[in-house]
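**Q** Encoded as structure tokens, here's the structure I'll be asking about.
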Amino acid sequence: MAKSVQQMFDNISPRYDLLNRFLSLRRDVAWRRKAARCAGDADRVLDLCGGTGDFLLSWQKQWGTSAEAVIGDFSFKMLQQAQQKSLKAPLVQCDALDLPFKDGSFELVLCGFGMRNFSGYHRALDELHRVLDESGRVVILDFFKPTHIGTKFFYGILAPIFIPFIGAFFSGRKEAYDYLVKSVRNFVSAAEFQHQALQHGFKKAKIKALDGGIAHLVVLDKYEK
């Protein structure tokens with residue numbers, strides 16, 4: 001499963017940013033900007049599932065480029081897209097379930113639209129907790145299993161029709177956008193994810209619905225602040 005998802009992201013990497021903008025009507029830009037504000041400043045930052053670098057770029061625009069930052073992703077071709085941007089950060093191909101970083105390496109971890117793609121998000125939560133220092137924070141943007149009637153209608157009826165169609169038109173990879181819709185519907189709800197984060201050692205977990213629950217922002221603190 002992990003290998004097939006990795007290959008899928010390699011395949012769609014050239015059009016990934018374009019389709020993000022188109023499918024979200026550019027709301028993904030505003031979501032990242034809001035998440036960057038909530039993240040706060042930090043000296044050591046990991047952008048996990050950093051893909052093409054958009055999340056870290058949003059954070060650096062908000063807080064500057066003086067931090068030691070790393071972009072990690074398991075798709076080499078997504079990292080190649082990030083390399084083309086003006087990012088002051090090394091690129092590391094890595095597995096989120098077995099991160100190649102020492103305990104307490106980072107003050108902040110960003111994770112945009114990657115959590116639901118892990119074969120085991122519980123293991124990812126453990127790894128995030130491990131690589132954070134004592135004051136560490138994780139800021140997650142993602143699509144979670146819909147729980148309200150409007151988002152259930154969107155992801156149950158509308159999204160399976162138009163998202164794969166548009167994805168196929170622009171990238172020629174319909175299967176990747178079929179997967180996107182299914183990954184949302186098969187993931188846990190934001191409330192369940194919040195509960196699981198607390199079970200995995202985080203002392204504080206806040207969630208915020210974005211645009212009526214189409215996406216969610218999750219902020220996890222290793223210890224109470």
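Within each chain, counting starts at residue 1; across the structure tokens, chains are named A, B, ... in the order shown, with ligands numbered 1 upward in that order.
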List the spatial neighbours of range 32-45 of chain A as a PyMOL selection string - criterion: any atom at most 7 Å away, only C-alpha atoms, same-chain residues fewer than 6 positions off excluded.

**A** chain A and resi 55+58-59+62-63+67-70+106-109+139+217

**Q** Within 9 Å of His200 in chain A, counting only C-alpha atoms, which residues show up once you throw out same-chain ones fewer than 3 positions away? Write them as a list of chain:residue names, please.

**A**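 Residues near the query, excluding close chain neighbours: A:His122, A:Leu125, A:Asp126, A:His129, A:His195, A:Gln196, A:Ala197.
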
**Q** What does the file look like for those residues with C-alpha atoms, as a PDB file, in the first residue's frame?

**A**
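This went into result.pdb:
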```
ATOM      1  CA  HIS A 122      -1.032   5.877  15.213  1.00  0.00           C
ATOM      2  CA  LEU A 125       1.694  10.170  16.073  1.00  0.00           C
ATOM      3  CA  ASP A 126       4.262   8.277  18.140  1.00  0.00           C
ATOM      4  CA  HIS A 129       5.834  12.946  19.652  1.00  0.00           C
ATOM      5  CA  HIS A 195      -8.849  11.756  20.921  1.00  0.00           C
ATOM      6  CA  GLN A 196      -6.144   9.468  19.534  1.00  0.00           C
ATOM      7  CA  ALA A 197      -3.519  12.227  19.688  1.00  0.00           C
TER       8      ALA A 197
END
```

**Q** Find the residues near range 100-104 of chain A: any atom within 10 Å, counting only C-alpha atoms, skip ones fewer than 4 places away on the same chain, and give them as a list in words.

**A** Gly72, Val92, Gln93, Cys94, Asp95, Ala96, Glu127, Leu128, His129, Arg130, Val131, Leu132, Asp133, Glu134, Ser135 and Gly136 of chain A

**Q** Write a file of the just-selected residues containing N, CA and C atoms, as a PDB file, in the first residue's frame.

**A**
```
ATOM      1  N   GLY A  72      10.600  16.951   4.720  1.00  0.00           N
ATOM      2  CA  GLY A  72      10.634  15.502   4.601  1.00  0.00           C
ATOM      3  C   GLY A  72       9.429  14.980   3.843  1.00  0.00           C
ATOM      4  N   VAL A  92      14.713  15.837   2.561  1.00  0.00           N
ATOM      5  CA  VAL A  92      15.015  14.497   3.057  1.00  0.00           C
ATOM      6  C   VAL A  92      13.896  13.545   2.648  1.00  0.00           C
ATOM      7  N   GLN A  93      14.238  12.523   1.875  1.00  0.00           N
ATOM      8  CA  GLN A  93      13.250  11.495   1.566  1.00  0.00           C
ATOM      9  C   GLN A  93      13.167  10.560   2.764  1.00  0.00           C
ATOM     10  N   CYS A  94      11.978  10.429   3.345  1.00  0.00           N
ATOM     11  CA  CYS A  94      11.872   9.659   4.588  1.00  0.00           C
ATOM     12  C   CYS A  94      10.482   9.068   4.751  1.00  0.00           C
ATOM     13  N   ASP A  95      10.404   8.108   5.660  1.00  0.00           N
ATOM     14  CA  ASP A  95       9.161   7.435   6.016  1.00  0.00           C
ATOM     15  C   ASP A  95       8.653   8.028   7.327  1.00  0.00           C
ATOM     16  N   ALA A  96       7.452   8.559   7.314  1.00  0.00           N
ATOM     17  CA  ALA A  96       6.892   9.198   8.511  1.00  0.00           C
ATOM     18  C   ALA A  96       6.690   8.220   9.664  1.00  0.00           C
ATOM     19  N   GLU A 127       5.822   8.844  16.360  1.00  0.00           N
ATOM     20  CA  GLU A 127       7.056   9.390  15.812  1.00  0.00           C
ATOM     21  C   GLU A 127       7.098  10.917  15.941  1.00  0.00           C
ATOM     22  N   LEU A 128       5.979  11.557  15.705  1.00  0.00           N
ATOM     23  CA  LEU A 128       5.923  13.011  15.866  1.00  0.00           C
ATOM     24  C   LEU A 128       6.203  13.400  17.316  1.00  0.00           C
ATOM     25  N   HIS A 129       5.600  12.679  18.231  1.00  0.00           N
ATOM     26  CA  HIS A 129       5.834  12.946  19.652  1.00  0.00           C
ATOM     27  C   HIS A 129       7.312  12.759  19.995  1.00  0.00           C
ATOM     28  N   ARG A 130       7.926  11.747  19.434  1.00  0.00           N
ATOM     29  CA  ARG A 130       9.334  11.444  19.735  1.00  0.00           C
ATOM     30  C   ARG A 130      10.280  12.529  19.251  1.00  0.00           C
ATOM     31  N   VAL A 131      10.077  13.029  18.029  1.00  0.00           N
ATOM     32  CA  VAL A 131      11.048  13.974  17.454  1.00  0.00           C
ATOM     33  C   VAL A 131      10.839  15.406  17.941  1.00  0.00           C
ATOM     34  N   LEU A 132       9.753  15.656  18.685  1.00  0.00           N
ATOM     35  CA  LEU A 132       9.525  16.990  19.246  1.00  0.00           C
ATOM     36  C   LEU A 132      10.312  17.171  20.536  1.00  0.00           C
ATOM     37  N   ASP A 133      10.787  18.392  20.757  1.00  0.00           N
ATOM     38  CA  ASP A 133      11.383  18.690  22.057  1.00  0.00           C
ATOM     39  C   ASP A 133      10.261  18.970  23.063  1.00  0.00           C
ATOM     40  N   GLU A 134      10.633  19.313  24.292  1.00  0.00           N
ATOM     41  CA  GLU A 134       9.631  19.414  25.358  1.00  0.00           C
ATOM     42  C   GLU A 134       8.590  20.502  25.121  1.00  0.00           C
ATOM     43  N   SER A 135       8.960  21.532  24.367  1.00  0.00           N
ATOM     44  CA  SER A 135       8.006  22.613  24.088  1.00  0.00           C
ATOM     45  C   SER A 135       7.354  22.447  22.719  1.00  0.00           C
ATOM     46  N   GLY A 136       7.480  21.254  22.140  1.00  0.00           N
ATOM     47  CA  GLY A 136       7.130  21.044  20.737  1.00  0.00           C
ATOM     48  C   GLY A 136       5.650  21.112  20.413  1.00  0.00           C
TER      49      GLY A 136
END
```

**Q** Counting only C-alpha atoms, which of A:Pro146, A:Gly64, A:Pro90, A:Gly112 gets nearest to Val219 in chain A?

**A**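 Counting only C-alpha atoms, the residue closest to Val219 in chain A is A:Gly112.
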
**Q** Extract the full set of strand (DSSP E) residues from range 75-184 of chain A according to DSSP on the backbone, and format it as a list in words.

**A**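 Taking range 75-184 of chain A and keeping strand (DSSP E) only, one gets Leu91, Val92, Gln93, Phe106, Glu107, Leu108, Val109, Leu110, Cys111, Gly112, Leu132, Asp133, Glu134, Ser135, Gly136, Arg137, Val138, Val139, Ile140, Leu141 and Asp142 of chain A.
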
**Q** Using DSSP on the backbone coordinates, identify the residues of chain A assigned to alpha helix (DSSP H); present them as a ChimeraX atom specification.

**A** /A:2-12,16-23,27-39,54-63,76-83,121-131,149-153,159-171,174-186,190-199

**Q** CA of Ser24 in chain A to CA of Arg123 in chain A: how many Å, to one decimal?

**A** 29.0 Å

**Q** Could you build a table of the residues in range 90-187 of chain A lying no more than 6 Å from range 47-53 of chain A, giving for each the nearest pair of atoms and their separation in Å rounded to one decimal place, using only C-alpha atoms, ordered by chain and ascending residue number, as a Markdown table?

**A**
```
| residue | atom | partner | partner_atom | distance |
| --- | --- | --- | --- | --- |
| A:Val109 | CA | A:Asp47 | CA | 5.8 |
| A:Leu110 | CA | A:Asp47 | CA | 4.6 |
| A:Cys111 | CA | A:Leu48 | CA | 5.0 |
| A:Gly114 | CA | A:Cys49 | CA | 5.5 |
```

**Q** When you look at range 158-173 of chain A with a cut-off of 10 Å (counting only C-alpha atoms), what residues show up, excluding the ones that are within fewer than 6 positions of it in the same chain? I need them as a list in words.

**A** Met8, Asn11, Ile12, Ser13, Pro14, Arg15, Tyr16, Leu18, Leu19, Asn20, Phe22, Leu23, Thr151, Lys152, Tyr179, Leu180, Val181 and Lys182 of chain A

**Q** Print the selection's residues with C-alpha atoms to a file, as a short mmCIF file (atom, residue, chain, number, x, y, z; two decimals), in the first residue's frame.

**A**
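The new file again.cif reads:
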```cif
data_model
loop_
_atom_site.label_atom_id
_atom_site.label_comp_id
_atom_site.auth_asym_id
_atom_site.auth_seq_id
_atom_site.Cartn_x
_atom_site.Cartn_y
_atom_site.Cartn_z
CA MET A 8 1.06 7.76 -7.10
CA ASN A 11 3.26 10.41 -10.88
CA ILE A 12 1.16 13.48 -10.04
CA SER A 13 4.01 15.66 -8.73
CA PRO A 14 4.34 17.89 -11.85
CA ARG A 15 0.69 19.03 -11.57
CA TYR A 16 0.24 18.71 -7.82
CA LEU A 18 -1.89 23.39 -9.94
CA LEU A 19 -4.56 20.87 -9.03
CA ASN A 20 -4.50 21.83 -5.36
CA PHE A 22 -7.95 24.44 -8.86
CA LEU A 23 -9.77 21.82 -6.78
CA THR A 151 -19.63 17.56 4.14
CA LYS A 152 -21.15 14.07 3.90
CA TYR A 179 -7.82 7.60 -4.14
CA LEU A 180 -7.98 11.14 -2.72
CA VAL A 181 -11.75 10.93 -2.24
CA LYS A 182 -11.61 7.41 -0.81
#
```

**Q** Could you work out how far CA of Ile140 in chain A lies from CA of Ser86 in chain A, giving the answer in Å with one decimal?

**A**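 Between CA of Ser86 in chain A and CA of Ile140 in chain A the gap is 22.7 Å.
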
**Q** Using only C-alpha atoms, which residue out of A:Val138, A:Ala191, A:Leu97, A:Val184 lies closest to Ala2 in chain A?

**A**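 Nearest to Ala2 in chain A: A:Leu97.
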
**Q** If you measure from CA of Leu198 in chain A to CA of Asn117 in chain A, what distance in Å do you get, rounded to one decimal?

**A**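 Between these atoms lies a distance of 20.3 Å.
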
**Q** Which polymer residues have any atom within 7 Å of an atom of Leu220 in chain A, counting only C-alpha atoms, with same-chain residues fewer than 6 positions away left out, as a count of residues only?

**A** 7

**Q** Between A:Asp28, A:Lys208, A:Tyr155, A:Lys77, which is the closest to Asp178 in chain A once you count only C-alpha atoms?

**A** A:Tyr155
